[in-house]
$ cat start-v8.tsv   # TSV, C-alpha atoms
chain	number	residue	atom	x	y	z
A	1	MET	CA	384.42	14.64	174.89
A	2	SER	CA	383.87	15.84	178.43
A	3	VAL	CA	384.02	19.55	179.20
A	4	LYS	CA	387.05	18.95	181.34
A	5	THR	CA	388.85	17.13	178.60
A	6	LYS	CA	387.88	19.70	176.05
A	7	ASN	CA	389.13	22.53	178.21
A	8	PHE	CA	392.31	20.73	178.89
A	9	TYR	CA	392.90	20.03	175.25
A	10	GLU	CA	392.16	23.59	174.21
A	11	ASN	CA	394.39	24.90	176.90
A	12	CYS	CA	397.21	22.77	175.59
A	13	VAL	CA	396.64	23.88	172.05
A	14	ASN	CA	396.37	27.52	173.01
A	15	LYS	CA	399.63	27.32	174.82
A	16	GLU	CA	401.14	25.70	171.77
A	17	CYS	CA	402.49	22.99	173.93
A	18	SER	CA	405.01	21.31	171.86
A	19	HIS	CA	404.20	17.76	172.31
A	20	LEU	CA	401.81	15.39	172.23
A	21	LEU	CA	399.14	13.33	172.47
A	22	PHE	CA	395.88	12.12	171.70
A	23	ASP	CA	393.69	9.44	170.65
A	24	LEU	CA	391.31	8.39	170.68
A	25	ASP	CA	389.20	5.69	170.45
A	26	GLY	CA	389.43	5.44	174.05
A	27	ASN	CA	392.11	5.26	176.59
A	28	LYS	CA	395.24	5.29	174.59
A	29	ALA	CA	397.66	8.14	174.64
A	30	PHE	CA	399.78	9.00	171.65
A	31	PHE	CA	402.73	11.25	171.55
A	32	ASN	CA	405.45	12.40	169.31
A	33	ASN	CA	409.16	11.99	169.41
A	34	ALA	CA	409.87	15.25	171.14
A	35	PHE	CA	408.34	13.92	174.30
A	36	SER	CA	410.90	13.01	176.90
A	37	LYS	CA	411.52	9.32	177.08
A	38	ASN	CA	412.82	9.80	180.59
A	39	SER	CA	409.52	11.05	181.84
A	40	ARG	CA	407.59	9.15	184.43
A	41	PHE	CA	404.65	8.96	182.11
A	42	TYR	CA	406.63	7.47	179.30
A	43	LYS	CA	408.19	4.83	181.49
A	44	LYS	CA	404.86	3.88	182.96
A	45	HIS	CA	402.95	3.71	179.71
A	46	GLN	CA	405.55	3.04	177.06
A	47	ASP	CA	403.99	-0.20	175.95
A	48	GLU	CA	400.76	1.49	175.03
A	49	ILE	CA	402.15	4.55	173.39
A	50	TYR	CA	401.58	5.25	169.77
A	51	PHE	CA	402.68	8.26	167.87
A	52	ARG	CA	400.55	10.84	166.19
A	53	PRO	CA	401.53	14.38	165.36
A	54	GLU	CA	398.25	16.20	165.32
A	55	VAL	CA	397.43	16.93	168.92
A	56	TYR	CA	399.53	18.61	171.50
A	57	PHE	CA	399.54	17.99	175.16
A	58	VAL	CA	401.81	18.33	178.10
A	59	GLU	CA	400.30	17.01	181.25
A	60	CYS	CA	400.34	13.39	180.46
A	61	GLU	CA	398.93	12.31	183.75
A	62	TYR	CA	395.59	13.34	182.32
A	63	TRP	CA	395.90	11.14	179.37
A	64	ALA	CA	393.24	8.73	180.38
A	65	GLU	CA	390.70	11.50	180.35
A	66	LEU	CA	391.36	12.52	176.82
A	67	LYS	CA	388.86	11.18	174.42
A	68	ILE	CA	389.27	13.40	171.46
A	69	ASP	CA	388.19	11.77	168.30
A	70	LYS	CA	390.76	13.08	165.89
A	71	LYS	CA	391.53	9.79	164.33
A	72	GLN	CA	389.55	10.45	161.18
A	73	ASN	CA	391.52	13.56	160.54
A	74	SER	CA	394.90	12.07	161.03
A	75	ILE	CA	397.17	12.17	158.06
A	76	ILE	CA	397.89	8.50	158.17
A	77	ASP	CA	394.24	7.62	158.18
A	78	GLU	CA	393.78	9.91	155.25
A	79	LEU	CA	396.65	8.20	153.46
A	80	TYR	CA	395.08	4.82	154.09
A	81	LYS	CA	391.80	6.10	152.78
A	82	THR	CA	393.24	7.52	149.58
A	83	ALA	CA	395.29	4.36	149.09
A	84	LYS	CA	392.21	2.22	149.52
A	85	ASP	CA	390.35	4.39	147.02
A	86	LYS	CA	393.34	4.12	144.67
A	87	ASN	CA	393.32	7.89	144.52
A	88	CYS	CA	396.95	8.20	143.55
A	89	HIS	CA	396.77	11.91	142.88
A	90	ALA	CA	395.46	12.73	146.37
A	91	PHE	CA	397.83	10.22	147.91
A	92	THR	CA	400.86	11.76	146.20
A	93	SER	CA	399.77	15.23	147.20
A	94	LEU	CA	399.43	14.16	150.85
A	95	VAL	CA	402.79	12.42	150.87
A	96	ASN	CA	404.53	15.36	149.27
A	97	ASN	CA	403.15	17.71	151.88
A	98	ILE	CA	403.80	15.80	155.06
A	99	ILE	CA	406.48	16.96	157.43
A	100	LEU	CA	408.41	13.78	157.94
A	101	SER	CA	410.08	14.84	161.15
A	102	LYS	CA	406.69	14.84	162.84
A	103	PHE	CA	406.24	11.16	162.17
A	104	GLN	CA	407.70	8.23	163.95
A	105	ALA	CA	409.89	5.85	161.98
A	106	ASN	CA	407.29	3.08	162.08
A	107	GLU	CA	404.67	5.41	160.71
A	108	ILE	CA	406.94	6.38	157.84
A	109	VAL	CA	407.48	2.72	157.09
A	110	GLU	CA	403.70	2.35	156.93
A	111	ILE	CA	403.52	5.19	154.42
A	112	ILE	CA	406.34	3.73	152.34
A	113	GLU	CA	404.47	0.44	152.20
A	114	LEU	CA	401.33	2.24	151.13
A	115	CYS	CA	403.33	3.72	148.27
A	116	ILE	CA	404.43	0.22	147.32
A	117	SER	CA	400.90	-1.12	147.49
A	118	LEU	CA	399.91	1.57	144.98
A	119	ASP	CA	402.87	0.69	142.75
A	120	MET	CA	404.28	4.15	143.43
A	121	ILE	CA	407.78	2.86	143.78
A	122	SER	CA	409.65	6.10	143.07
A	123	LEU	CA	407.55	7.94	145.62
A	124	GLY	CA	408.29	5.26	148.22
A	125	PHE	CA	411.97	5.44	147.42
A	126	ASP	CA	412.05	9.26	147.73
A	127	LEU	CA	410.27	8.99	151.05
A	128	ALA	CA	412.70	6.35	152.31
A	129	ALA	CA	415.63	8.52	151.17
A	130	LYS	CA	414.34	11.48	153.21
A	131	ALA	CA	413.38	9.31	156.18
A	132	ARG	CA	416.83	7.76	156.51
A	133	GLU	CA	418.24	11.22	157.10
A	134	ILE	CA	415.88	11.66	160.04
A	135	TYR	CA	416.17	8.10	161.31
A	136	PRO	CA	419.61	6.94	160.18
A	137	GLN	CA	419.66	3.99	162.54
A	138	HIS	CA	416.27	2.57	161.64
A	139	ASN	CA	416.73	-0.84	160.04
A	140	LYS	CA	413.41	-1.03	158.29
A	141	ILE	CA	413.76	2.39	156.69
A	142	GLU	CA	417.31	1.62	155.57
A	143	SER	CA	416.18	-1.70	154.21
A	144	ALA	CA	413.26	-0.08	152.33
A	145	TYR	CA	415.62	2.53	150.91
A	146	LYS	CA	417.96	-0.11	149.53
A	147	ALA	CA	415.21	-2.39	148.27
A	148	LEU	CA	413.41	0.43	146.46
A	149	SER	CA	416.54	1.95	144.96
A	150	PRO	CA	416.38	2.09	141.16
A	151	PRO	CA	417.85	-0.63	138.98
A	152	LYS	CA	421.22	0.07	137.43
A	153	VAL	CA	423.49	-1.28	134.78
A	154	ILE	CA	426.52	-2.94	136.34
A	155	GLY	CA	428.49	-3.57	133.18
A	156	THR	CA	428.89	-5.81	130.19
A	157	LYS	CA	430.52	-9.12	129.46
A	158	SER	CA	431.12	-11.29	126.44
A	159	ALA	CA	428.01	-12.53	124.72
A	160	SER	CA	426.95	-15.77	126.33
A	161	LEU	CA	424.39	-17.00	123.84
A	162	GLN	CA	425.13	-18.85	120.65
A	163	ALA	CA	422.75	-17.55	118.02
A	164	ASP	CA	422.22	-20.90	116.26
A	165	ASN	CA	421.71	-22.71	119.51
A	166	MET	CA	419.12	-20.15	120.62
A	167	LYS	CA	417.33	-20.24	117.29
A	168	LYS	CA	416.91	-24.01	117.56
A	169	THR	CA	415.73	-23.73	121.16
A	170	LEU	CA	413.11	-21.12	120.31
A	171	GLN	CA	411.95	-23.38	117.51
A	172	TRP	CA	411.70	-26.29	119.93
A	173	PHE	CA	409.42	-24.27	122.23
A	174	LYS	CA	407.29	-23.25	119.26
A	175	GLU	CA	406.78	-26.82	118.10
A	176	ASN	CA	406.73	-28.74	121.35
A	177	ALA	CA	405.44	-26.56	124.18
A	178	GLU	CA	401.92	-27.91	123.87
A	179	LYS	CA	403.08	-31.49	124.52
A	180	HIS	CA	404.70	-30.52	127.82
A	181	LYS	CA	401.95	-28.45	129.39
A	182	GLY	CA	402.23	-28.14	133.15
A	183	LYS	CA	405.86	-29.31	133.19
A	184	TRP	CA	409.15	-27.59	133.79
A	185	VAL	CA	411.50	-28.17	130.88
A	186	ALA	CA	415.16	-27.48	130.13
A	187	VAL	CA	416.10	-27.10	126.48
A	188	ASN	CA	419.49	-26.56	124.86
A	189	ASN	CA	420.33	-26.38	121.17
A	190	GLY	CA	416.80	-27.39	120.25
A	191	GLN	CA	416.89	-30.52	122.40
A	192	LEU	CA	414.87	-31.28	125.47
A	193	LEU	CA	417.33	-32.11	128.23
A	194	VAL	CA	415.00	-32.76	131.13
A	195	GLU	CA	411.40	-32.30	132.12
A	196	SER	CA	410.12	-32.23	135.65
A	197	ASN	CA	407.32	-31.29	137.99
A	198	SER	CA	409.33	-28.70	139.89
A	199	PHE	CA	412.06	-26.20	139.11
A	200	LYS	CA	414.23	-27.51	141.91
A	201	GLU	CA	414.05	-31.07	140.62
A	202	LEU	CA	414.70	-29.85	137.09
A	203	THR	CA	417.88	-28.01	137.97
A	204	ALA	CA	419.10	-30.96	140.03
A	205	LYS	CA	418.70	-33.29	137.05
A	206	ILE	CA	420.58	-31.20	134.52
A	207	ASP	CA	424.03	-32.34	133.61
A	208	GLU	CA	426.82	-29.97	134.68
A	209	LYS	CA	427.89	-29.41	131.08
A	210	TYR	CA	424.54	-27.78	130.31
A	211	MET	CA	424.76	-25.32	133.19
A	212	ASN	CA	425.06	-22.23	131.02
A	213	PRO	CA	422.79	-19.47	129.68
A	214	ASN	CA	422.16	-21.39	126.43
A	215	THR	CA	420.06	-23.81	128.45
A	216	ILE	CA	416.60	-22.33	128.75
A	217	THR	CA	414.44	-23.51	131.62
A	218	GLU	CA	410.76	-22.79	131.80
A	219	LYS	CA	407.43	-23.95	133.06
A	220	ILE	CA	404.92	-24.44	130.29
A	221	PHE	CA	401.47	-23.29	131.37
B	1	MET	CA	423.54	-10.88	112.86
B	2	PRO	CA	420.45	-8.63	112.97
B	3	LYS	CA	420.40	-6.03	110.22
B	4	TYR	CA	420.55	-2.94	112.43
B	5	ASP	CA	423.02	-4.19	115.06
B	6	SER	CA	426.07	-2.48	113.62
B	7	LEU	CA	424.20	0.80	113.40
B	8	LEU	CA	422.95	0.49	116.99
B	9	PHE	CA	426.31	-0.66	118.34
B	10	GLU	CA	428.38	1.92	116.51
B	11	GLY	CA	425.95	4.67	117.51
B	12	ASP	CA	426.42	3.59	121.12
B	13	PHE	CA	422.70	2.95	121.48
B	14	ALA	CA	423.13	-0.72	122.27
B	15	VAL	CA	425.85	-3.14	123.28
B	16	GLY	CA	424.17	-6.44	122.56
B	17	SER	CA	421.26	-8.11	120.87
B	18	THR	CA	419.44	-11.38	120.79
B	19	GLN	CA	416.51	-13.01	119.14
B	20	TYR	CA	413.21	-12.91	120.98
B	21	SER	CA	410.21	-15.17	120.71
B	22	ASP	CA	406.72	-13.82	120.14
B	23	HIS	CA	405.03	-16.07	122.64
B	24	TYR	CA	405.56	-17.25	126.15
B	25	PRO	CA	405.56	-21.06	126.31
B	26	GLY	CA	401.96	-22.13	126.69
B	27	HIS	CA	400.60	-18.63	125.99
B	28	GLU	CA	400.48	-18.87	122.21
B	29	TRP	CA	397.31	-16.79	121.99
B	30	GLN	CA	399.14	-13.68	123.26
B	31	ASN	CA	401.93	-11.80	121.55
B	32	HIS	CA	404.83	-10.77	123.73
B	33	ILE	CA	408.50	-10.08	123.51
B	34	VAL	CA	410.10	-12.98	125.34
B	35	ILE	CA	413.82	-13.00	126.00
B	36	PRO	CA	416.28	-15.09	128.02
B	37	LEU	CA	417.48	-13.81	131.39
B	38	ALA	CA	419.92	-15.37	133.85
B	39	PRO	CA	421.53	-14.54	137.17
B	40	SER	CA	424.93	-12.99	136.55
B	41	GLN	CA	426.72	-15.86	138.28
B	42	ASN	CA	428.65	-18.20	136.08
B	43	LYS	CA	427.04	-21.48	135.16
B	44	SER	CA	423.53	-20.14	135.43
B	45	MET	CA	420.83	-21.34	133.15
B	46	SER	CA	418.45	-18.86	131.55
B	47	ILE	CA	414.76	-18.41	132.12
B	48	LYS	CA	412.28	-16.82	129.76
B	49	VAL	CA	410.90	-13.42	130.66
B	50	ILE	CA	408.39	-11.11	129.03
B	51	VAL	CA	409.54	-7.55	128.42
B	52	ASP	CA	406.62	-5.67	129.93
B	53	THR	CA	406.81	-1.89	130.00
B	54	ALA	CA	403.41	-1.75	131.69
B	55	ALA	CA	404.64	-3.76	134.67
B	56	LYS	CA	406.36	-2.12	137.60
B	57	TRP	CA	408.36	-4.98	139.04
B	58	CYS	CA	410.38	-7.84	137.74
B	59	ILE	CA	408.54	-10.95	138.84
B	60	ILE	CA	409.58	-14.55	138.41
B	61	HIS	CA	407.89	-17.81	139.26
B	62	PRO	CA	408.08	-18.40	143.04
B	63	GLU	CA	409.82	-21.73	142.46
B	64	ILE	CA	412.54	-19.98	140.47
B	65	ALA	CA	412.76	-17.27	143.13
B	66	GLN	CA	413.35	-19.96	145.72
B	67	GLU	CA	416.25	-21.36	143.71
B	68	TRP	CA	417.59	-17.87	143.09
B	69	GLU	CA	417.49	-17.04	146.79
B	70	LYS	CA	421.29	-17.05	146.97
B	71	TYR	CA	421.46	-14.32	144.34
B	72	PHE	CA	419.11	-11.89	146.10
B	73	PHE	CA	420.24	-8.98	148.23
B	74	TYR	CA	418.68	-5.83	149.71
B	75	THR	CA	415.72	-7.93	150.70
B	76	TYR	CA	412.74	-6.16	152.24
B	77	ASP	CA	409.80	-8.01	153.78
B	78	LEU	CA	406.53	-6.33	152.92
B	79	GLU	CA	403.87	-5.96	155.55
B	80	GLN	CA	401.17	-4.55	153.30
B	81	PRO	CA	399.42	-6.80	150.79
B	82	LEU	CA	400.21	-6.24	147.13
B	83	ASN	CA	398.10	-6.87	144.05
B	84	ILE	CA	399.84	-8.35	141.07
B	85	ARG	CA	397.81	-8.82	137.93
B	86	GLY	CA	394.60	-9.06	139.90
B	87	MET	CA	395.96	-11.52	142.46
B	88	LYS	CA	396.36	-10.34	146.03
B	89	PHE	CA	399.45	-11.39	147.93
B	90	GLU	CA	399.31	-10.92	151.66
B	91	LYS	CA	403.01	-11.51	151.93
B	92	GLY	CA	405.96	-10.85	149.72
B	93	LYS	CA	409.46	-9.50	149.48
B	94	ILE	CA	411.29	-6.95	147.42
B	95	ALA	CA	414.84	-7.84	146.55
B	96	HIS	CA	417.62	-7.01	144.15
B	97	ALA	CA	419.62	-9.44	142.04
B	98	ASN	CA	422.33	-9.03	139.46
B	99	VAL	CA	421.02	-10.49	136.25
B	100	VAL	CA	422.18	-10.70	132.67
B	101	LEU	CA	420.38	-9.83	129.50
B	102	ASN	CA	422.04	-12.47	127.42
B	103	ALA	CA	423.23	-11.48	123.98
B	104	SER	CA	423.92	-13.66	120.99
B	105	ASN	CA	425.59	-10.73	119.27
B	106	GLY	CA	427.70	-7.99	120.87
B	107	LYS	CA	427.86	-8.11	124.65
B	108	ASP	CA	425.72	-9.29	127.54
B	109	LEU	CA	424.36	-6.52	129.75
B	110	VAL	CA	424.63	-7.02	133.51
B	111	ILE	CA	421.97	-5.22	135.53
B	112	GLU	CA	421.13	-4.88	139.20
B	113	ALA	CA	417.38	-5.43	138.92
B	114	LYS	CA	414.58	-5.13	141.44
B	115	PHE	CA	412.18	-8.02	141.97
B	116	PHE	CA	408.94	-8.54	143.77
B	117	ILE	CA	408.89	-12.05	145.19
B	118	PRO	CA	405.39	-13.15	146.10
B	119	ILE	CA	404.86	-15.58	148.94
B	120	LEU	CA	401.90	-17.71	148.04
B	121	SER	CA	399.29	-18.64	150.60
B	122	PRO	CA	398.37	-22.36	150.65
B	123	ASP	CA	395.32	-21.80	148.46
B	124	GLN	CA	397.15	-19.78	145.80
B	125	ILE	CA	398.54	-21.24	142.60
B	126	TRP	CA	400.97	-19.24	140.51
B	127	SER	CA	399.84	-19.02	136.90
B	128	PHE	CA	401.74	-16.05	135.58
B	129	PRO	CA	404.70	-15.89	133.25
B	130	ASN	CA	407.97	-14.29	134.33
B	131	PHE	CA	408.32	-10.68	133.36
B	132	ILE	CA	410.68	-7.77	133.64
B	133	GLY	CA	409.04	-4.42	134.38
B	134	LEU	CA	409.80	-0.77	134.08
B	135	ASP	CA	410.76	0.19	137.63
B	136	GLY	CA	412.39	-3.16	138.22
B	137	MET	CA	414.74	-3.05	135.27
B	138	LEU	CA	413.71	-1.47	132.01
B	139	ASN	CA	414.03	2.16	133.00
B	140	CYS	CA	417.79	1.88	133.31
B	141	ILE	CA	418.39	0.52	129.84
B	142	ARG	CA	417.84	1.44	126.23
B	143	PHE	CA	416.29	-1.14	124.00
B	144	ALA	CA	415.08	-1.38	120.46
B	145	VAL	CA	412.98	-4.02	118.79
B	146	ASP	CA	412.97	-5.06	115.17
B	147	PRO	CA	409.87	-7.21	114.63
B	148	SER	CA	410.91	-8.11	111.10
B	149	GLU	CA	413.83	-10.10	112.53
B	150	ASN	CA	412.53	-10.76	116.04
B	151	ALA	CA	415.64	-8.95	117.25
B	152	ILE	CA	415.96	-6.99	120.44
B	153	SER	CA	418.99	-4.79	121.07
B	154	PHE	CA	419.89	-3.35	124.43
B	155	GLY	CA	422.38	-1.01	126.07
B	156	LYS	CA	423.02	1.16	129.07
B	157	SER	CA	420.80	4.20	129.34

$ encode --input "start-v8.tsv" --output "structure tokens"
Amino acid sequence: MSVKTKNFYENCVNKECSHLLFDLDGNKAFFNNAFSKNSRFYKKHQDEIYFRPEVYFVECEYWAELKIDKKQNSIIDELYKTAKDKNCHAFTSLVNNIILSKFQANEIVEIIELCISLDMISLGFDLAAKAREIYPQHNKIESAYKALSPPKVIGTKSASLQADNMKKTLQWFKENAEKHKGKWVAVNNGQLLVESNSFKELTAKIDEKYMNPNTITEKIF
Amino acid sequence: MPKYDSLLFEGDFAVGSTQYSDHYPGHEWQNHIVIPLAPSQNKSMSIKVIVDTAAKWCIIHPEIAQEWEKYFFYTYDLEQPLNIRGMKFEKGKIAHANVVLNASNGKDLVIEAKFFIPILSPDQIWSFPNFIGLDGMLNCIRFAVDPSENAISFGKS
């Protein structure tokens, strides 16, 4: 970092400038959502703007001079690192301590997906639930919220299986599966209805009268 | 009728039960609890699924998922890769579907379940059974297993 850049950065921090910026692997400027989107700087550079919350900066015209290597310390990088290391404890702790409003919607989506990649579905859902309050219009966050919402019982209906039928079908699989390895089969009442190389073909071949839950379809590995 | 059904039904623990098989077709060397599952639409055939409390998602064969496409909602396209049983999927979707735990005694249970739908790359071959996992379905129901009768009973949690 040049002395000029360093001074500029420190000056910004000391003044507690409320918004923005940094990078830096090089010449990219990053700023947060509080930055005015009507500013000349934003309009000029909007295609290259990314969002990071850690560094604060006001005079964006100087952006090209900033080469502050904060990337390693960024929260998102840290989240990626803990996710890669499968350090779920550290990851959870980081997620639970982030201030969501400092992140852009796309960054939150990234974090939600990291939760999913670690099989931390409830954590991802909680995050999406909080994020949709901050970004109510964001499609991806709304979509993640709905997709990650917990399963629920809708109701009940009359039993659809006939016990004897099912018993015979289970017996058929026990006795005959080996002979149909690699095939898709449909079995009802202990009788093989159809076998096929694909599920689509199988379902197309089945007679309408067997289109009910007592017909068991399966691929035999 | 399984021996303990009346007790479980009257005690409001379960609403329905069915017989399960111990093995997934073609996986005779492994013991599982395998039950029928179907989309809640009328005229839907059942598939076999393993009840897997160690799994997070409900996952079905991609060919079945393709045919079930019309039943899925709340679909979310994943951008991060996901590992399922040691296999890495660069692409996939999360989606919900209303499915039925079919009963041969008592009542069927209709559940809005959550699925992971893997999208296979050209060099990937799917070799896993279908299963229903904890976060995808099982943590919203009660279920009890009687191995002496191969009976599984289920109800709303």

$ interface_residues --input "start-v8.tsv" --of "chain B" --to "chain A" --cutoff "7 Å" --atoms "only C-alpha atoms" --output "VMD selection string"
chain B and resid 21 25 to 26 38 43 to 48 56 63 to 64 67 74 to 76 80 to 82 94 to 96 102 to 114 135 to 137 140 156

$ residues_around --input "start-v8.tsv" --residues "B:Ile60" --least-positions-apart "4" --cutoff "8 Å" --atoms "all atoms listed in the file" --output "ChimeraX atom specification"
/B:49,64-65,115,117,129-131

$ atom_distance --input "start-v8.tsv" --atom1 "atom CA of B:Asn98" --atom2 "atom CA of B:Leu134"
15.9 Å

$ atom_distance --input "start-v8.tsv" --atom1 "atom CA of B:Glu79" --atom2 "atom CA of B:Lys93"
9.0 Å

$ residues_around --input "start-v8.tsv" --residues "stretch 91-98 of chain A" --least-positions-apart "5" --cutoff "9 Å" --atoms "all atoms listed in the file" --output "PDB file with C-alpha atoms, in the frame of the given file"
ATOM      1  CA  ILE A  75     397.170  12.170 158.060  1.00  0.00           C
ATOM      2  CA  GLU A  78     393.780   9.910 155.250  1.00  0.00           C
ATOM      3  CA  LEU A  79     396.650   8.200 153.460  1.00  0.00           C
ATOM      4  CA  TYR A  80     395.080   4.820 154.090  1.00  0.00           C
ATOM      5  CA  LYS A  81     391.800   6.100 152.780  1.00  0.00           C
ATOM      6  CA  THR A  82     393.240   7.520 149.580  1.00  0.00           C
ATOM      7  CA  ALA A  83     395.290   4.360 149.090  1.00  0.00           C
ATOM      8  CA  LYS A  86     393.340   4.120 144.670  1.00  0.00           C
ATOM      9  CA  PHE A 103     406.240  11.160 162.170  1.00  0.00           C
ATOM     10  CA  ILE A 111     403.520   5.190 154.420  1.00  0.00           C
ATOM     11  CA  CYS A 115     403.330   3.720 148.270  1.00  0.00           C
ATOM     12  CA  MET A 120     404.280   4.150 143.430  1.00  0.00           C
ATOM     13  CA  LEU A 123     407.550   7.940 145.620  1.00  0.00           C
ATOM     14  CA  LEU A 127     410.270   8.990 151.050  1.00  0.00           C
TER      15      LEU A 127
END

$ residues_around --input "start-v8.tsv" --residues "B:Glu149" --least-positions-apart "3" --cutoff "9 Å" --atoms "only C-alpha atoms" --output "ChimeraX atom specification"
/B:2-3,19-20,145-146,152

$ atom_distance --input "start-v8.tsv" --atom1 "atom CA of B:Pro147" --atom2 "atom CA of B:Gly133"
20.0 Å

$ closest_residue --input "start-v8.tsv" --among "A:Ala105, A:Asp77, A:Lys183, A:Asn139" --to "A:Asn197" --atoms "only C-alpha atoms"
A:Lys183

$ build_atoms --input "start-v8.tsv" --residues "stretch 48-54 of chain B" --atoms "all heavy atoms" --output "JSON list (two decimals), in the coordinates of the input"
[["chain", "number", "residue", "atom", "x", "y", "z"],
["B", 48, "LYS", "N", 412.91, -17.71, 130.73],
["B", 48, "LYS", "CA", 412.28, -16.82, 129.76],
["B", 48, "LYS", "C", 411.50, -15.75, 130.49],
["B", 48, "LYS", "O", 410.80, -16.05, 131.46],
["B", 48, "LYS", "CB", 411.34, -17.63, 128.86],
["B", 48, "LYS", "CG", 412.06, -18.49, 127.86],
["B", 48, "LYS", "CD", 411.08, -19.08, 126.87],
["B", 48, "LYS", "CE", 411.81, -19.47, 125.60],
["B", 48, "LYS", "NZ", 410.92, -19.53, 124.45],
["B", 49, "VAL", "N", 411.64, -14.53, 130.03],
["B", 49, "VAL", "CA", 410.90, -13.42, 130.66],
["B", 49, "VAL", "C", 410.24, -12.56, 129.59],
["B", 49, "VAL", "O", 410.78, -12.40, 128.50],
["B", 49, "VAL", "CB", 411.81, -12.52, 131.54],
["B", 49, "VAL", "CG1", 412.34, -13.28, 132.74],
["B", 49, "VAL", "CG2", 412.97, -11.95, 130.73],
["B", 50, "ILE", "N", 409.08, -12.04, 129.93],
["B", 50, "ILE", "CA", 408.39, -11.11, 129.03],
["B", 50, "ILE", "C", 408.88, -9.70, 129.31],
["B", 50, "ILE", "O", 408.96, -9.28, 130.47],
["B", 50, "ILE", "CB", 406.86, -11.19, 129.26],
["B", 50, "ILE", "CG1", 406.33, -12.56, 128.82],
["B", 50, "ILE", "CG2", 406.14, -10.07, 128.52],
["B", 50, "ILE", "CD1", 404.87, -12.78, 129.15],
["B", 51, "VAL", "N", 409.20, -8.97, 128.26],
["B", 51, "VAL", "CA", 409.54, -7.55, 128.42],
["B", 51, "VAL", "C", 408.20, -6.80, 128.52],
["B", 51, "VAL", "O", 407.43, -6.77, 127.56],
["B", 51, "VAL", "CB", 410.34, -7.05, 127.19],
["B", 51, "VAL", "CG1", 410.63, -5.56, 127.32],
["B", 51, "VAL", "CG2", 411.63, -7.83, 127.05],
["B", 52, "ASP", "N", 407.94, -6.25, 129.69],
["B", 52, "ASP", "CA", 406.62, -5.67, 129.93],
["B", 52, "ASP", "C", 406.75, -4.24, 130.47],
["B", 52, "ASP", "O", 406.92, -4.02, 131.67],
["B", 52, "ASP", "CB", 405.87, -6.55, 130.94],
["B", 52, "ASP", "CG", 404.42, -6.13, 131.10],
["B", 52, "ASP", "OD1", 404.04, -5.06, 130.58],
["B", 52, "ASP", "OD2", 403.65, -6.86, 131.74],
["B", 53, "THR", "N", 406.64, -3.29, 129.58],
["B", 53, "THR", "CA", 406.81, -1.89, 130.00],
["B", 53, "THR", "C", 405.64, -1.40, 130.84],
["B", 53, "THR", "O", 405.73, -0.34, 131.46],
["B", 53, "THR", "CB", 406.97, -0.96, 128.78],
["B", 53, "THR", "OG1", 405.90, -1.20, 127.89],
["B", 53, "THR", "CG2", 408.28, -1.20, 128.07],
["B", 54, "ALA", "N", 404.56, -2.16, 130.87],
["B", 54, "ALA", "CA", 403.41, -1.75, 131.69],
["B", 54, "ALA", "C", 403.53, -2.29, 133.12],
["B", 54, "ALA", "O", 402.75, -1.91, 134.00],
["B", 54, "ALA", "CB", 402.11, -2.23, 131.06]]
